[in-house]
Amino acid sequence: MTFVLASASPRRLELLAQVGLAPSRVLPADIDETPHRAELPAAYAVRMAREKCLQVSRRCREDRVLAADTAVAAGRRILGKPGDAAEARRCLRLLSGRRHRVIGAVALAIPAAAVPGSAAPPDKIAVRVVQSAVTFKRLHADEIDRYIESGEWRDKAGAYAIQGMAAIFVRRLSGSYSNVVGLPLFETWALLEGAG
């Protein structure tokens with residue numbers, strides 16, 4: 001299975017390697033990731049994955065292109081990557097003692113030439129969406145302070161990495177663990193396998 005990965009995330013590369021997949025190239029997309037006004041978290045994740053996939057597939061017309069997005073949602077609120085420690089601290093306080101959702105969207109662009117007998121236009125994009133539910137224990141101020149000091153929150157949606165120190169915050173996880181890390185592997189594999 002050959003494909004181009006439209007992501008700069010080292011976590012996604014690690015997850016793909018875990019199941020024996022390696023992209024032929026890595027070409028991160030450069031898109032505006034600002035949520036639209038009143039956009040729901042699942043719609044946001046799907047839009048981001050599709051836009052990343054579409055942008056990179058326009059540069060790689062002959063290749064399958066895989067893109068993904070992960071949105072952390074507290075109710076209808078999207079918790080993106082915090083810009084600074086103060087914002088990360090606010091995210092962790094919000095998640096403390098409550099359940100939140102992690103929505104992963106995976107998109108695969110399939111060039112028409114890759115589908116025998118297909119009249120599909122280039123940039124046919126298949127998308128899969130996965131939701132995982134994560135419940136945090138109630139976090140004490142000193143636990144949040146230690147986590148902020150670790151710097152692990154940087155470049156992480158929702159200000160935490162379940163595969164790191166934040167694993168001790170998680171009381172319960174329902175759904176795909178790899179989705180919470182950054183790429184739902186079952187759905188990713190199914191998309192790639194289905195594309196031949």
# chains A, B, ... in the order shown; residues from 1 in each chain; ligands from 1
$ select_by_dssp --residues "stretch 65-134 of chain A" --states "strand (DSSP E)" --output "ChimeraX atom specification"
/A:65-74,77-79,99-110,124-134
$ select_by_dssp --residues "chain A" --states "helix (DSSP H, G or I)" --output "PyMOL selection string"
chain A and resi 10-18+41-57+85-95+112-114+141-150+157-159+165-169+177-181+185-194
$ atom_distance --atom1 "atom CA of A:Gly194" --atom2 "atom CA of A:Arg25"
20.2 Å
$ closest_atom_pairs --of "stretch 61-155 of chain A" --to "stretch 170-188 of chain A" --cutoff "7 Å" --atoms "only C-alpha atoms" --output "JSON lines"
{"residue": "A:Ala68", "atom": "CA", "partner": "A:Leu183", "partner_atom": "CA", "distance": 6.9}
{"residue": "A:Thr70", "atom": "CA", "partner": "A:Gly182", "partner_atom": "CA", "distance": 6.0}
{"residue": "A:Val102", "atom": "CA", "partner": "A:Val180", "partner_atom": "CA", "distance": 6.0}
{"residue": "A:Gly104", "atom": "CA", "partner": "A:Asn179", "partner_atom": "CA", "distance": 5.9}
{"residue": "A:Val106", "atom": "CA", "partner": "A:Thr188", "partner_atom": "CA", "distance": 6.6}
{"residue": "A:Arg128", "atom": "CA", "partner": "A:Glu187", "partner_atom": "CA", "distance": 6.6}
{"residue": "A:Gln131", "atom": "CA", "partner": "A:Gly175", "partner_atom": "CA", "distance": 6.9}
{"residue": "A:Ser132", "atom": "CA", "partner": "A:Gly175", "partner_atom": "CA", "distance": 4.5}
{"residue": "A:Ala133", "atom": "CA", "partner": "A:Ser174", "partner_atom": "CA", "distance": 5.0}
{"residue": "A:Val134", "atom": "CA", "partner": "A:Leu173", "partner_atom": "CA", "distance": 4.7}
{"residue": "A:Thr135", "atom": "CA", "partner": "A:Arg172", "partner_atom": "CA", "distance": 5.1}
{"residue": "A:Phe136", "atom": "CA", "partner": "A:Val170", "partner_atom": "CA", "distance": 4.6}
{"residue": "A:Lys137", "atom": "CA", "partner": "A:Arg171", "partner_atom": "CA", "distance": 5.6}
$ residues_around --residues "stretch 146-153 of chain A" --least-positions-apart "2" --cutoff "10 Å" --atoms "only C-alpha atoms" --output "PyMOL selection string"
chain A and resi 81-86+88-89+91-92+141-144+155-161+164-166
$ write_last_selection --atoms "C-alpha atoms" --output "PDB file, in the first residue's frame"
ATOM      1  CA  LYS A  81      -3.848  23.060  20.470  1.00  0.00           C
ATOM      2  CA  PRO A  82      -3.181  25.627  23.186  1.00  0.00           C
ATOM      3  CA  GLY A  83      -1.091  28.623  22.211  1.00  0.00           C
ATOM      4  CA  ASP A  84       0.529  29.015  25.626  1.00  0.00           C
ATOM      5  CA  ALA A  85       0.724  27.549  29.135  1.00  0.00           C
ATOM      6  CA  ALA A  86      -2.194  29.628  30.408  1.00  0.00           C
ATOM      7  CA  ALA A  88      -3.247  24.714  28.341  1.00  0.00           C
ATOM      8  CA  ARG A  89      -4.007  25.153  32.044  1.00  0.00           C
ATOM      9  CA  CYS A  91      -8.095  23.240  28.996  1.00  0.00           C
ATOM     10  CA  LEU A  92      -6.965  20.858  31.731  1.00  0.00           C
ATOM     11  CA  ALA A 141      -3.781  22.179  40.984  1.00  0.00           C
ATOM     12  CA  ASP A 142      -0.325  20.695  41.638  1.00  0.00           C
ATOM     13  CA  GLU A 143      -0.953  17.903  39.077  1.00  0.00           C
ATOM     14  CA  ILE A 144      -1.899  20.476  36.457  1.00  0.00           C
ATOM     15  CA  ASP A 155       1.108  20.847  19.997  1.00  0.00           C
ATOM     16  CA  LYS A 156      -1.592  18.601  21.489  1.00  0.00           C
ATOM     17  CA  ALA A 157      -5.328  19.069  20.931  1.00  0.00           C
ATOM     18  CA  GLY A 158      -6.986  19.417  24.332  1.00  0.00           C
ATOM     19  CA  ALA A 159      -3.567  20.105  25.908  1.00  0.00           C
ATOM     20  CA  TYR A 160      -2.698  16.497  26.718  1.00  0.00           C
ATOM     21  CA  ALA A 161      -1.076  13.343  25.354  1.00  0.00           C
ATOM     22  CA  GLY A 164       2.542  10.240  27.902  1.00  0.00           C
ATOM     23  CA  MET A 165       2.315  11.571  31.442  1.00  0.00           C
ATOM     24  CA  ALA A 166      -1.398  12.345  31.049  1.00  0.00           C
TER      25      ALA A 166
END
$ atom_distance --atom1 "atom CA of A:Arg77" --atom2 "atom CA of A:Asp30"
23.5 Å
$ closest_residue --among "A:Asp145, A:Glu193, A:Glu51, A:Asp69" --to "A:Val130" --atoms "only C-alpha atoms"
A:Asp69
$ closest_residue --among "A:Ala8, A:Met48, A:Ala167, A:Ala22" --to "A:Pro35" --atoms "only C-alpha atoms"
A:Met48
$ atom_distance --atom1 "atom CA of A:Arg99" --atom2 "atom CA of A:Val46"
21.6 Å
$ closest_residue --among "A:Val56, A:Ile78, A:Ile125, A:Ala109" --to "A:His36" --atoms "only C-alpha atoms"
A:Ile78
$ closest_residue --among "A:Arg98, A:Arg93, A:Ala107, A:Ala45" --to "A:Ala6" --atoms "only C-alpha atoms"
A:Ala107
